[in-house]
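Undergrad: One structure coming up, written as structure tokens, with questions to follow.
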Amino acid sequence: MDVWDVVAAVASQAPLVAVAVVVLYVLLSREIRNEVRRVERRIDKLEERVARLEERTSKIEERLGRVEDDVAELKGRVGRLEEQFKGLKEQLGRVEEHVGQLVKAFQIYNSTLLKVLSSKGVLTETEAEALSSHLLYVPPAKSKYFTEEVRQRLIEILKGVKEGRYTAADVKELKRISELIEKEGWENNRRDLLDYNLKLQMLIAILEGRLIARGEWRPEWDLEDW
């Protein structure tokens, strides 16, 4: 039996208001069913989208997992590189130490040779005065070792050497200043001071030789008795 047959049967036996209510109920029921179907279709589509989203999320998680593995592997490589770099740094430190010893040995040899040549008269006051004049261009002082006070004292002695006025005490003072310059140069990586100090040590060796030739120089350990 069709719904409208039921409505017709009710309409023949019921007042107009009741018929209207029944008709409205039927229409609303049909509209509600249609709306429910539309909602169900939307839910189905939404479920499909959620399923696709879950699939994409799963793929992203897999990619993230591979990325995490790659990051872990990269960290391992970085760790191994750090260990290798540490070993290389230690080796470089030993090489620098050996080089420093070689440089020191060369400086000693060079100073000894200059001292001998100066004491024999091969290098004269003229060479000492010329070198001291060049050394008057003193690098700036910047720290607690090579202070401005030390710098001014160095300039004062160099001016005396340039004019032929220097003593064994002055040369000893130059050696002390040379040690301060060297310490400053190495600790603060000042290449200008290290280069300058090489020339200063040359001057010190020449002056020692000249003092030996004049009979005014004794070993440093005995200099305090002068």
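We name chains A, B, ... following the order of the structure tokens; residues begin at 1 in each chain, and ligands are numbered from 1 as shown.
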Sorted by chain and rising residue number, which residues of stretch 99-155 of chain A lie within 10 Å of stretch 175-191 of chain A, and what are their closest atom pairs and distances in Å to one decimal, counting only C-alpha atoms, as CSV?
TA:
```
residue,atom,partner,partner_atom,distance
A:Pro139,CA,A:Ile181,CA,9.9
A:Ala141,CA,A:Ile181,CA,9.3
A:Lys142,CA,A:Glu184,CA,8.8
A:Ser143,CA,A:Glu184,CA,7.4
A:Lys144,CA,A:Glu184,CA,8.4
A:Tyr145,CA,A:Leu180,CA,5.5
A:Phe146,CA,A:Ile181,CA,5.7
A:Thr147,CA,A:Leu180,CA,9.1
A:Val150,CA,A:Ile177,CA,7.0
A:Arg151,CA,A:Ile177,CA,8.4
A:Arg153,CA,A:Ile177,CA,8.8
A:Leu154,CA,A:Ile177,CA,7.2
```
Undergrad: Which distance in Å separates atom CA of A:Ile157 and atom CA of A:Tyr109, to one decimal?
TA: 24.7 Å
Undergrad: Using only C-alpha atoms, find each residue in stretch 112-199 of chain A having at least one atom no more than 10 Å away from stretch 209-216 of chain A; report its shortest atom-to-atom pair and that distance in Å (one decimal), rows by chain then rising number, as JSON lines.
TA:
```
{"residue": "A:Thr112", "atom": "CA", "partner": "A:Gly209", "partner_atom": "CA", "distance": 9.0}
{"residue": "A:Leu113", "atom": "CA", "partner": "A:Gly209", "partner_atom": "CA", "distance": 9.6}
{"residue": "A:Leu114", "atom": "CA", "partner": "A:Gly209", "partner_atom": "CA", "distance": 7.4}
{"residue": "A:Lys115", "atom": "CA", "partner": "A:Gly209", "partner_atom": "CA", "distance": 4.3}
{"residue": "A:Val116", "atom": "CA", "partner": "A:Gly209", "partner_atom": "CA", "distance": 6.2}
{"residue": "A:Leu117", "atom": "CA", "partner": "A:Gly209", "partner_atom": "CA", "distance": 7.3}
{"residue": "A:Ser118", "atom": "CA", "partner": "A:Gly209", "partner_atom": "CA", "distance": 4.6}
{"residue": "A:Ser119", "atom": "CA", "partner": "A:Gly209", "partner_atom": "CA", "distance": 4.1}
{"residue": "A:Lys120", "atom": "CA", "partner": "A:Ala213", "partner_atom": "CA", "distance": 7.1}
{"residue": "A:Gly121", "atom": "CA", "partner": "A:Ala213", "partner_atom": "CA", "distance": 7.7}
{"residue": "A:Leu123", "atom": "CA", "partner": "A:Arg210", "partner_atom": "CA", "distance": 8.3}
{"residue": "A:Thr124", "atom": "CA", "partner": "A:Arg210", "partner_atom": "CA", "distance": 7.3}
{"residue": "A:Glu125", "atom": "CA", "partner": "A:Arg210", "partner_atom": "CA", "distance": 7.5}
{"residue": "A:Ala128", "atom": "CA", "partner": "A:Arg210", "partner_atom": "CA", "distance": 9.0}
{"residue": "A:Tyr166", "atom": "CA", "partner": "A:Leu211", "partner_atom": "CA", "distance": 9.4}
{"residue": "A:Thr167", "atom": "CA", "partner": "A:Leu211", "partner_atom": "CA", "distance": 7.9}
{"residue": "A:Ala168", "atom": "CA", "partner": "A:Glu216", "partner_atom": "CA", "distance": 6.8}
{"residue": "A:Val171", "atom": "CA", "partner": "A:Leu211", "partner_atom": "CA", "distance": 9.3}
```
